[in-house]
file structure.cif (mmCIF, C-alpha atoms)
data_model
#
loop_
_atom_site.label_atom_id
_atom_site.label_comp_id
_atom_site.auth_asym_id
_atom_site.auth_seq_id
_atom_site.Cartn_x
_atom_site.Cartn_y
_atom_site.Cartn_z
CA MET M 1 11.64 -20.01 -7.56
CA ALA M 2 8.27 -21.57 -6.85
CA ASN M 3 7.39 -24.48 -9.07
CA ARG M 4 3.99 -25.09 -10.57
CA ASN M 5 3.18 -27.85 -8.08
CA GLN M 6 3.46 -25.48 -5.11
CA LEU M 7 0.50 -23.26 -5.96
CA SER M 8 -2.92 -24.63 -6.80
CA GLU M 9 -5.22 -23.31 -9.48
CA ALA M 10 -7.34 -20.24 -8.91
CA PRO M 11 -10.30 -20.61 -6.55
CA PRO M 12 -13.77 -20.58 -8.06
CA SER M 13 -15.29 -17.10 -8.12
CA GLY M 14 -18.82 -18.27 -7.52
CA GLY M 15 -20.13 -16.85 -10.78
CA GLY M 16 -19.99 -17.20 -14.54
CA ALA M 17 -17.36 -15.89 -16.92
CA SER M 18 -16.44 -12.33 -15.95
CA GLN M 19 -13.55 -9.94 -15.62
CA GLN M 20 -13.04 -11.27 -12.10
CA ASP M 21 -12.77 -14.84 -13.40
CA GLU M 22 -10.14 -13.68 -15.87
CA THR M 23 -8.23 -11.90 -13.08
CA LEU M 24 -8.26 -15.03 -10.92
CA SER M 25 -7.02 -17.21 -13.77
CA THR M 26 -4.24 -14.79 -14.69
CA LEU M 27 -3.16 -14.41 -11.06
CA SER M 28 -2.91 -18.18 -10.74
CA SER M 29 -0.61 -18.31 -13.74
CA TYR M 30 1.64 -15.42 -12.68
CA LEU M 31 1.98 -16.66 -9.11
CA GLN M 32 3.84 -19.75 -10.29
CA ASP M 33 7.01 -17.70 -10.75
CA GLY M 34 5.87 -14.33 -9.44
CA ALA M 35 6.84 -11.76 -6.87
CA LEU M 36 3.80 -10.41 -5.04
CA PHE M 37 3.49 -6.77 -3.97
CA LEU M 38 0.47 -5.86 -1.83
CA ASP M 39 -0.95 -2.57 -0.65
CA ILE M 40 -2.57 -2.70 2.81
CA ASP M 41 -5.48 -0.28 3.30
CA GLY M 42 -8.34 -1.05 0.95
CA THR M 43 -6.44 -4.01 -0.51
CA LEU M 44 -5.60 -6.43 2.29
CA LEU M 45 -7.74 -4.69 4.89
CA ASP M 46 -11.12 -2.98 4.66
CA LEU M 47 -11.03 0.78 4.96
CA ALA M 48 -12.19 2.25 8.27
CA PRO M 49 -13.35 5.70 9.42
CA THR M 50 -10.00 6.26 11.20
CA PRO M 51 -6.61 4.50 10.98
CA ASP M 52 -6.96 3.15 14.52
CA GLU M 53 -10.20 1.37 13.61
CA ILE M 54 -8.58 -0.87 10.99
CA PHE M 55 -9.44 -4.52 11.65
CA VAL M 56 -7.02 -7.34 10.83
CA PRO M 57 -8.72 -10.74 10.41
CA PRO M 58 -7.01 -13.11 12.88
CA LEU M 59 -5.90 -15.65 10.26
CA LEU M 60 -4.54 -13.16 7.74
CA PRO M 61 -0.99 -12.64 9.10
CA ALA M 62 -0.27 -16.39 9.14
CA GLN M 63 -1.82 -16.81 5.70
CA LEU M 64 0.43 -14.09 4.31
CA ASP M 65 3.43 -15.83 5.87
CA ALA M 66 2.42 -19.19 4.37
CA LEU M 67 2.01 -17.65 0.92
CA SER M 68 5.35 -15.87 1.29
CA GLN M 69 7.02 -19.20 2.01
CA LYS M 70 5.42 -20.75 -1.08
CA LEU M 71 6.81 -17.85 -3.10
CA GLY M 72 10.29 -18.36 -1.69
CA GLY M 73 9.98 -15.15 0.32
CA ALA M 74 9.05 -13.02 -2.71
CA LEU M 75 6.15 -11.21 -1.04
CA ALA M 76 6.35 -7.58 0.05
CA LEU M 77 3.97 -5.00 1.45
CA VAL M 78 3.99 -1.64 -0.34
CA THR M 79 2.03 0.90 1.64
CA GLY M 80 1.54 4.48 2.68
CA ARG M 81 1.66 3.29 6.27
CA GLY M 82 4.80 3.64 8.31
CA LEU M 83 6.93 0.53 8.70
CA SER M 84 6.41 0.14 12.45
CA TYR M 85 2.64 0.60 12.11
CA ALA M 86 2.43 -2.10 9.43
CA ASP M 87 4.48 -4.47 11.57
CA ARG M 88 1.99 -4.09 14.41
CA LEU M 89 -0.85 -5.00 12.07
CA PHE M 90 0.70 -8.32 11.04
CA ALA M 91 2.64 -9.30 14.16
CA PRO M 92 4.40 -11.55 14.89
CA PHE M 93 5.41 -11.75 11.21
CA GLN M 94 7.68 -9.22 9.56
CA PHE M 95 7.61 -9.07 5.77
CA PRO M 96 9.78 -7.10 3.37
CA ILE M 97 8.06 -3.75 3.24
CA ALA M 98 8.09 -0.37 1.59
CA GLY M 99 6.43 2.09 3.95
CA LEU M 100 5.48 5.73 3.41
CA HIS M 101 5.24 4.98 -0.33
CA GLY M 102 8.87 3.86 -0.36
CA ALA M 103 10.44 6.45 1.95
CA GLU M 104 10.96 3.57 4.41
CA ARG M 105 12.07 0.11 3.30
CA ARG M 106 12.99 -3.16 4.96
CA GLY M 107 14.69 -5.63 2.66
CA PRO M 108 14.43 -9.42 2.76
CA ASP M 109 17.65 -9.50 4.78
CA GLY M 110 16.13 -7.25 7.46
CA SER M 111 18.14 -4.18 6.53
CA ILE M 112 16.20 -0.94 7.00
CA PHE M 113 16.35 2.33 5.08
CA LYS M 114 14.45 5.41 6.25
CA VAL M 115 14.10 9.02 5.20
CA GLU M 116 14.38 10.95 8.45
CA PRO M 117 12.21 14.06 8.94
CA THR M 118 14.06 17.35 9.26
CA ALA M 119 13.61 19.66 12.23
CA GLU M 120 11.72 22.03 9.92
CA PHE M 121 9.32 19.27 8.92
CA GLU M 122 8.74 18.34 12.55
CA ARG M 123 7.76 21.97 13.27
CA LEU M 124 5.51 21.99 10.22
CA LYS M 125 3.59 18.95 11.51
CA ILE M 126 3.02 20.64 14.86
CA GLU M 127 1.74 23.80 13.16
CA LEU M 128 -0.53 21.79 10.84
CA ARG M 129 -2.07 20.00 13.80
CA ALA M 130 -2.59 23.32 15.59
CA GLU M 131 -4.22 24.98 12.57
CA THR M 132 -6.71 22.15 12.10
CA ALA M 133 -7.32 21.46 15.80
CA GLY M 134 -10.84 22.88 15.73
CA TRP M 135 -11.91 21.08 12.56
CA THR M 136 -14.38 18.40 13.62
CA GLY M 137 -13.83 15.15 11.74
CA ILE M 138 -10.33 16.00 10.45
CA LEU M 139 -7.64 13.63 11.70
CA ILE M 140 -3.95 14.49 11.37
CA GLU M 141 -1.73 11.40 11.32
CA ASP M 142 1.98 11.87 12.05
CA LYS M 143 3.89 9.27 10.04
CA GLY M 144 7.38 10.48 10.83
CA ALA M 145 8.73 11.50 7.42
CA ALA M 146 5.17 12.18 6.22
CA VAL M 147 1.97 13.68 7.56
CA ALA M 148 -1.56 12.76 6.47
CA ALA M 149 -4.84 14.62 6.89
CA HIS M 150 -7.84 12.26 6.87
CA PHE M 151 -11.25 13.75 6.03
CA ARG M 152 -13.42 10.61 5.79
CA LEU M 153 -15.46 11.88 8.74
CA ALA M 154 -15.73 15.40 7.26
CA PRO M 155 -15.94 15.09 3.46
CA ALA M 156 -17.46 18.57 3.11
CA ARG M 157 -14.13 20.09 4.19
CA GLN M 158 -12.10 18.46 1.41
CA ALA M 159 -11.56 21.60 -0.67
CA GLU M 160 -10.70 23.74 2.37
CA LEU M 161 -8.33 21.08 3.68
CA ALA M 162 -6.67 20.72 0.28
CA GLU M 163 -5.84 24.44 0.29
CA VAL M 164 -4.27 24.15 3.74
CA MET M 165 -2.26 21.06 2.82
CA GLN M 166 -1.04 22.69 -0.39
CA ARG M 167 0.12 25.72 1.56
CA PHE M 168 2.00 23.57 4.08
CA MET M 169 3.52 21.47 1.28
CA ASN M 170 4.77 24.66 -0.39
CA ARG M 171 6.42 25.63 2.89
CA ALA M 172 8.04 22.20 3.16
CA GLY M 173 9.86 22.78 -0.12
CA PRO M 174 10.81 20.81 -3.25
CA ASP M 175 11.81 17.66 -1.38
CA TRP M 176 8.15 17.07 -0.48
CA THR M 177 4.99 16.49 -2.49
CA LEU M 178 1.25 16.46 -1.85
CA GLN M 179 -0.25 12.99 -2.35
CA ARG M 180 -4.00 12.61 -2.81
CA GLY M 181 -5.66 9.34 -1.82
CA LYS M 182 -9.02 7.96 -0.74
CA MET M 183 -10.36 10.57 1.69
CA VAL M 184 -6.82 11.57 2.66
CA LEU M 185 -4.25 14.20 1.71
CA GLU M 186 -0.63 13.53 2.57
CA ILE M 187 2.62 15.47 2.49
CA ARG M 188 5.36 12.93 1.80
CA PRO M 189 8.93 12.81 0.48
CA ALA M 190 8.87 13.68 -3.22
CA ARG M 191 11.45 11.09 -4.24
CA ALA M 192 9.47 8.18 -2.80
CA ASN M 193 6.83 6.34 -4.79
CA LYS M 194 5.53 2.79 -4.91
CA GLY M 195 6.85 2.15 -8.40
CA ASP M 196 10.42 2.88 -7.35
CA ALA M 197 9.91 0.71 -4.26
CA LEU M 198 8.80 -2.21 -6.43
CA GLU M 199 11.85 -1.82 -8.66
CA SER M 200 14.18 -1.73 -5.67
CA PHE M 201 12.81 -5.06 -4.43
CA LEU M 202 13.08 -6.64 -7.88
CA ALA M 203 16.79 -5.85 -7.94
CA THR M 204 17.47 -8.17 -4.99
CA PRO M 205 16.89 -11.84 -4.09
CA PRO M 206 14.42 -13.47 -3.76
CA PHE M 207 12.45 -11.04 -5.94
CA ASN M 208 14.85 -10.77 -8.85
CA GLY M 209 14.10 -12.89 -11.89
CA ARG M 210 10.41 -13.09 -11.06
CA HIS M 211 7.37 -11.52 -12.69
CA PRO M 212 6.01 -8.69 -10.49
CA ILE M 213 2.35 -8.85 -9.41
CA ALA M 214 1.07 -5.57 -7.95
CA ILE M 215 -2.28 -5.39 -6.15
CA GLY M 216 -3.68 -2.10 -4.85
CA ASP M 217 -6.76 0.07 -4.68
CA ASP M 218 -5.74 3.71 -4.74
CA LEU M 219 -4.15 6.43 -6.84
CA THR M 220 -0.87 5.86 -5.01
CA ASP M 221 -0.77 2.30 -6.38
CA GLU M 222 -0.79 3.40 -10.03
CA ALA M 223 3.00 3.87 -9.96
CA MET M 224 3.56 0.21 -9.09
CA PHE M 225 0.91 -0.90 -11.59
CA GLY M 226 2.90 0.85 -14.31
CA VAL M 227 6.19 -0.75 -13.29
CA ALA M 228 4.65 -4.22 -13.03
CA ASN M 229 3.17 -3.87 -16.52
CA GLN M 230 6.41 -2.58 -18.03
CA LEU M 231 8.38 -5.49 -16.59
CA GLY M 232 6.08 -8.17 -17.97
CA GLY M 233 4.11 -8.70 -14.79
CA TYR M 234 0.49 -8.25 -13.79
CA SER M 235 -1.44 -5.51 -11.99
CA VAL M 236 -4.77 -5.69 -10.19
CA ARG M 237 -6.97 -2.87 -8.95
CA VAL M 238 -9.27 -3.55 -6.01
CA GLY M 239 -12.67 -1.91 -6.24
CA PRO M 240 -15.07 -0.88 -9.00
CA PRO M 241 -13.59 -0.98 -12.54
CA SER M 242 -12.01 2.36 -13.45
CA ALA M 243 -11.16 3.69 -16.90
CA GLY M 244 -8.38 5.77 -15.37
CA THR M 245 -6.28 2.92 -14.00
CA ALA M 246 -3.25 1.21 -15.52
CA ALA M 247 -4.20 -2.06 -13.79
CA ARG M 248 -4.87 -4.98 -16.11
CA GLY M 249 -7.16 -6.90 -13.76
CA THR M 250 -9.77 -6.11 -11.15
CA LEU M 251 -11.10 -7.59 -7.92
CA PRO M 252 -14.22 -6.25 -6.22
CA SER M 253 -13.03 -5.89 -2.62
CA ALA M 254 -10.38 -6.47 0.02
CA GLU M 255 -12.40 -9.50 1.08
CA ALA M 256 -11.87 -11.00 -2.39
CA VAL M 257 -8.11 -10.42 -2.05
CA ARG M 258 -8.07 -12.14 1.34
CA LYS M 259 -9.95 -15.14 -0.05
CA ILE M 260 -7.35 -15.51 -2.80
CA ILE M 261 -4.51 -15.28 -0.27
CA ALA M 262 -6.16 -17.90 1.94
CA HIS M 263 -6.63 -20.20 -1.07
CA PHE M 264 -3.07 -19.98 -2.35
CA ALA M 265 -1.63 -20.15 1.17
CA SER M 266 -3.42 -23.40 1.98
#

call {"tool": "encode", "arguments": {"input": "structure.cif", "output": "structure tokens"}}
result
Amino acid sequence: MANRNQLSEAPPSGGGASQQDETLSTLSSYLQDGALFLDIDGTLLDLAPTPDEIFVPPLLPAQLDALSQKLGGALALVTGRGLSYADRLFAPFQFPIAGLHGAERRGPDGSIFKVEPTAEFERLKIELRAETAGWTGILIEDKGAAVAAHFRLAPARQAELAEVMQRFMNRAGPDWTLQRGKMVLEIRPARANKGDALESFLATPPFNGRHPIAIGDDLTDEAMFGVANQLGGYSVRVGPPSAGTAARGTLPSAEAVRKIIAHFAS
């Protein structure tokens, strides 16, 4: 367990007393004996028009690794991204990770668990791509055991796309669910969510016995916010304050999250 001499106080926010100041102070306190769970898109990294345009600041992977070491390894990524995709983002480092909202997991010991797509689901993905092939601005992302339809470049087609995704999800059956996110609709395994992923990490070393800290920006992160709160930890939403979130703290942007990571890693 990290001791209180390993992590410095919160960095100055550059402003007067505010909700952000309170978030920084509380994070500093919880990190002394905490386990940190981080979403990727919109939390660690700025959102981009397409998944392939995501930019990873060059120093960030090493800073995450340094902070993980200060936390005794109790740092995990909890993301809708696939495990292999997330690994490419932060190479050469490999962190404990819950990918596809928990349908894929790599534990601290390197062991990997994956929900494998069925042959029927593979056919469904091909048919979904074919049906939306002529839709300018709609990007279908094959995630293996999940499939996402991004409409950031065609927001006017959201309602039409939602109808299509609902129809394909109904065909997939009860083992799948339709997940709504920021400018994306995703068919994913129904039994996987970020809250369950957080709990699974907390049941094993080096996460067990620590206070969970969950940081995310999207509807999919609310499940881990709830678990962190229930277990005496802390939750932080990235972005404008929202009355509909369970998060107890707020940070304005992914850039603010990266600054905090750089501070505590140094």

call {"tool": "atom_distance", "arguments": {"input": "structure.cif", "atom1": "CA of Phe37 (chain M)", "atom2": "CA of Ile260 (chain M)"}}
result
14.0 Å

call {"tool": "resolve_selection", "arguments": {"input": "structure.cif", "expression": "the PyMOL selection byres ((chain M and resi 224-233) around 12)", "output": "compact mmCIF listing (two decimals) with C-alpha atoms, in the coordinates of the input"}}
result
# COMPACT_ATOMS: atom_id res chain seq x y z
CA THR M 26 -4.24 -14.79 -14.69
CA LEU M 27 -3.16 -14.41 -11.06
CA SER M 29 -0.61 -18.31 -13.74
CA TYR M 30 1.64 -15.42 -12.68
CA LEU M 31 1.98 -16.66 -9.11
CA GLN M 32 3.84 -19.75 -10.29
CA ASP M 33 7.01 -17.70 -10.75
CA GLY M 34 5.87 -14.33 -9.44
CA ALA M 35 6.84 -11.76 -6.87
CA LEU M 36 3.80 -10.41 -5.04
CA PHE M 37 3.49 -6.77 -3.97
CA LEU M 38 0.47 -5.86 -1.83
CA ASP M 39 -0.95 -2.57 -0.65
CA LEU M 77 3.97 -5.00 1.45
CA VAL M 78 3.99 -1.64 -0.34
CA THR M 79 2.03 0.90 1.64
CA ALA M 98 8.09 -0.37 1.59
CA HIS M 101 5.24 4.98 -0.33
CA GLY M 102 8.87 3.86 -0.36
CA ALA M 192 9.47 8.18 -2.80
CA ASN M 193 6.83 6.34 -4.79
CA LYS M 194 5.53 2.79 -4.91
CA GLY M 195 6.85 2.15 -8.40
CA ASP M 196 10.42 2.88 -7.35
CA ALA M 197 9.91 0.71 -4.26
CA LEU M 198 8.80 -2.21 -6.43
CA GLU M 199 11.85 -1.82 -8.66
CA SER M 200 14.18 -1.73 -5.67
CA PHE M 201 12.81 -5.06 -4.43
CA LEU M 202 13.08 -6.64 -7.88
CA ASN M 208 14.85 -10.77 -8.85
CA GLY M 209 14.10 -12.89 -11.89
CA ARG M 210 10.41 -13.09 -11.06
CA HIS M 211 7.37 -11.52 -12.69
CA PRO M 212 6.01 -8.69 -10.49
CA ILE M 213 2.35 -8.85 -9.41
CA ALA M 214 1.07 -5.57 -7.95
CA ILE M 215 -2.28 -5.39 -6.15
CA GLY M 216 -3.68 -2.10 -4.85
CA ASP M 217 -6.76 0.07 -4.68
CA ASP M 218 -5.74 3.71 -4.74
CA LEU M 219 -4.15 6.43 -6.84
CA THR M 220 -0.87 5.86 -5.01
CA ASP M 221 -0.77 2.30 -6.38
CA GLU M 222 -0.79 3.40 -10.03
CA ALA M 223 3.00 3.87 -9.96
CA TYR M 234 0.49 -8.25 -13.79
CA SER M 235 -1.44 -5.51 -11.99
CA VAL M 236 -4.77 -5.69 -10.19
CA ARG M 237 -6.97 -2.87 -8.95
CA VAL M 238 -9.27 -3.55 -6.01
CA THR M 245 -6.28 2.92 -14.00
CA ALA M 246 -3.25 1.21 -15.52
CA ALA M 247 -4.20 -2.06 -13.79
CA ARG M 248 -4.87 -4.98 -16.11
CA GLY M 249 -7.16 -6.90 -13.76
CA THR M 250 -9.77 -6.11 -11.15

call {"tool": "resolve_selection", "arguments": {"input": "structure.cif", "expression": "the PyMOL selection byres ((chain M and resi 83) around 8)", "output": "PyMOL selection string"}}
result
chain M and resi 81-82+84-87+97-100+104-105

call {"tool": "resolve_selection", "arguments": {"input": "structure.cif", "expression": "the PyMOL selection byres ((chain M and resi 138-141) around 10)", "output": "ChimeraX atom specification"}}
result
/M:50-51,125-126,128-130,132-137,142-144,146-155,157-158,161,184-186

call {"tool": "closest_residue", "arguments": {"input": "structure.cif", "among": "M:Asn170, M:Gln63, M:Thr204, M:Gln19", "to": "Gly107 (chain M)", "atoms": "only C-alpha atoms"}}
result
M:Thr204

call {"tool": "atom_distance", "arguments": {"input": "structure.cif", "atom1": "CA of Met183 (chain M)", "atom2": "CA of Pro58 (chain M)"}}
result
26.4 Å

call {"tool": "atom_distance", "arguments": {"input": "structure.cif", "atom1": "CA of Glu122 (chain M)", "atom2": "CA of Met169 (chain M)"}}
result
12.8 Å

call {"tool": "residues_near_point", "arguments": {"input": "structure.cif", "point": "(-7.9, -12.1, -4.5)", "cutoff": "10 Å", "atoms": "only C-alpha atoms", "output": "list in words"}}
result
Ala10, Pro11, Ser13, Gln20, Thr23, Leu24, Leu27, Thr43, Leu44, Ile215, Val236, Val238, Thr250, Leu251, Pro252, Ser253, Ala254, Glu255, Ala256, Val257, Arg258, Lys259, Ile260, Ile261, Ala262, His263 and Phe264 of chain M

call {"tool": "write_last_selection", "arguments": {"input": "structure.cif", "atoms": "C-alpha atoms", "output": "PDB file, keeping the file's coordinate frame"}}
result
ATOM      1  CA  ALA M  10      -7.340 -20.240  -8.910  1.00  0.00           C
ATOM      2  CA  PRO M  11     -10.300 -20.610  -6.550  1.00  0.00           C
ATOM      3  CA  SER M  13     -15.290 -17.100  -8.120  1.00  0.00           C
ATOM      4  CA  GLN M  20     -13.040 -11.270 -12.100  1.00  0.00           C
ATOM      5  CA  THR M  23      -8.230 -11.900 -13.080  1.00  0.00           C
ATOM      6  CA  LEU M  24      -8.260 -15.030 -10.920  1.00  0.00           C
ATOM      7  CA  LEU M  27      -3.160 -14.410 -11.060  1.00  0.00           C
ATOM      8  CA  THR M  43      -6.440  -4.010  -0.510  1.00  0.00           C
ATOM      9  CA  LEU M  44      -5.600  -6.430   2.290  1.00  0.00           C
ATOM     10  CA  ILE M 215      -2.280  -5.390  -6.150  1.00  0.00           C
ATOM     11  CA  VAL M 236      -4.770  -5.690 -10.190  1.00  0.00           C
ATOM     12  CA  VAL M 238      -9.270  -3.550  -6.010  1.00  0.00           C
ATOM     13  CA  THR M 250      -9.770  -6.110 -11.150  1.00  0.00           C
ATOM     14  CA  LEU M 251     -11.100  -7.590  -7.920  1.00  0.00           C
ATOM     15  CA  PRO M 252     -14.220  -6.250  -6.220  1.00  0.00           C
ATOM     16  CA  SER M 253     -13.030  -5.890  -2.620  1.00  0.00           C
ATOM     17  CA  ALA M 254     -10.380  -6.470   0.020  1.00  0.00           C
ATOM     18  CA  GLU M 255     -12.400  -9.500   1.080  1.00  0.00           C
ATOM     19  CA  ALA M 256     -11.870 -11.000  -2.390  1.00  0.00           C
ATOM     20  CA  VAL M 257      -8.110 -10.420  -2.050  1.00  0.00           C
ATOM     21  CA  ARG M 258      -8.070 -12.140   1.340  1.00  0.00           C
ATOM     22  CA  LYS M 259      -9.950 -15.140  -0.050  1.00  0.00           C
ATOM     23  CA  ILE M 260      -7.350 -15.510  -2.800  1.00  0.00           C
ATOM     24  CA  ILE M 261      -4.510 -15.280  -0.270  1.00  0.00           C
ATOM     25  CA  ALA M 262      -6.160 -17.900   1.940  1.00  0.00           C
ATOM     26  CA  HIS M 263      -6.630 -20.200  -1.070  1.00  0.00           C
ATOM     27  CA  PHE M 264      -3.070 -19.980  -2.350  1.00  0.00           C
TER      28      PHE M 264
END

call {"tool": "closest_residue", "arguments": {"input": "structure.cif", "among": "M:Leu47, M:Leu7, M:Ala62, M:Phe121", "to": "Gly239 (chain M)", "atoms": "all atoms listed in the file"}}
result
M:Leu47

call {"tool": "residues_around", "arguments": {"input": "structure.cif", "residues": "Phe168 (chain M)", "least_positions_apart": "5", "cutoff": "10 Å", "atoms": "only C-alpha atoms", "output": "PyMOL selection string"}}
result
chain M and resi 121+124-125+127-128+162-163+173+178+187

call {"tool": "residues_around", "arguments": {"input": "structure.cif", "residues": "Trp176 (chain M)", "least_positions_apart": "5", "cutoff": "6 Å", "atoms": "only C-alpha atoms", "output": "mmCIF file with C-alpha atoms, keeping the file's coordinate frame"}}
result
data_model
loop_
_atom_site.group_PDB
_atom_site.id
_atom_site.type_symbol
_atom_site.label_atom_id
_atom_site.label_comp_id
_atom_site.auth_asym_id
_atom_site.auth_seq_id
_atom_site.Cartn_x
_atom_site.Cartn_y
_atom_site.Cartn_z
ATOM 1 C CA ARG M 188 5.360 12.930 1.800
ATOM 2 C CA PRO M 189 8.930 12.810 0.480
ATOM 3 C CA ALA M 190 8.870 13.680 -3.220
#

call {"tool": "closest_residue", "arguments": {"input": "structure.cif", "among": "M:Asp41, M:Asp175, M:Asp21, M:Glu53", "to": "Ala103 (chain M)", "atoms": "all atoms listed in the file"}}
result
M:Asp175

call {"tool": "decode", "arguments": {"input": "structure.cif", "residues": "region 225-232 of chain M", "atoms": "all heavy atoms", "output": "short mmCIF file (atom, residue, chain, number, x, y, z; two decimals), in the first residue's frame"}}
result
data_model
loop_
_atom_site.label_atom_id
_atom_site.label_comp_id
_atom_site.auth_asym_id
_atom_site.auth_seq_id
_atom_site.Cartn_x
_atom_site.Cartn_y
_atom_site.Cartn_z
N PHE M 225 -18.80 4.54 -11.24
CA PHE M 225 -18.99 5.59 -10.25
C PHE M 225 -19.80 5.05 -9.07
O PHE M 225 -19.47 5.27 -7.91
CB PHE M 225 -19.73 6.78 -10.85
CG PHE M 225 -18.97 7.55 -11.89
CD1 PHE M 225 -19.64 8.41 -12.76
CD2 PHE M 225 -17.60 7.43 -12.03
CE1 PHE M 225 -18.97 9.14 -13.72
CE2 PHE M 225 -16.90 8.15 -13.01
CZ PHE M 225 -17.60 9.00 -13.86
N GLY M 226 -20.89 4.35 -9.39
CA GLY M 226 -21.75 3.82 -8.35
C GLY M 226 -21.03 2.84 -7.44
O GLY M 226 -21.18 2.88 -6.21
N VAL M 227 -20.25 1.95 -8.03
CA VAL M 227 -19.51 0.97 -7.23
C VAL M 227 -18.47 1.66 -6.36
O VAL M 227 -18.32 1.34 -5.17
CB VAL M 227 -18.85 -0.09 -8.15
CG1 VAL M 227 -17.88 -0.97 -7.35
CG2 VAL M 227 -19.91 -0.95 -8.80
N ALA M 228 -17.73 2.60 -6.93
CA ALA M 228 -16.71 3.32 -6.15
C ALA M 228 -17.35 4.02 -4.96
O ALA M 228 -16.83 3.97 -3.83
CB ALA M 228 -15.98 4.33 -7.03
N ASN M 229 -18.48 4.66 -5.17
CA ASN M 229 -19.17 5.35 -4.08
C ASN M 229 -19.62 4.37 -3.00
O ASN M 229 -19.45 4.62 -1.79
CB ASN M 229 -20.38 6.12 -4.62
CG ASN M 229 -19.99 7.25 -5.56
OD1 ASN M 229 -18.84 7.69 -5.58
ND2 ASN M 229 -20.95 7.72 -6.35
N GLN M 230 -20.21 3.25 -3.42
CA GLN M 230 -20.73 2.27 -2.47
C GLN M 230 -19.63 1.66 -1.61
O GLN M 230 -19.87 1.30 -0.45
CB GLN M 230 -21.47 1.16 -3.22
CG GLN M 230 -22.77 1.61 -3.87
CD GLN M 230 -23.30 0.59 -4.86
OE1 GLN M 230 -22.84 -0.55 -4.91
NE2 GLN M 230 -24.27 1.00 -5.67
N LEU M 231 -18.43 1.58 -2.17
CA LEU M 231 -17.33 0.94 -1.45
C LEU M 231 -16.44 1.94 -0.72
O LEU M 231 -15.32 1.61 -0.33
CB LEU M 231 -16.49 0.10 -2.43
CG LEU M 231 -17.24 -1.06 -3.09
CD1 LEU M 231 -16.34 -1.81 -4.05
CD2 LEU M 231 -17.79 -2.03 -2.04
N GLY M 232 -16.94 3.14 -0.53
CA GLY M 232 -16.20 4.12 0.26
C GLY M 232 -15.10 4.83 -0.49
O GLY M 232 -14.21 5.42 0.12
#
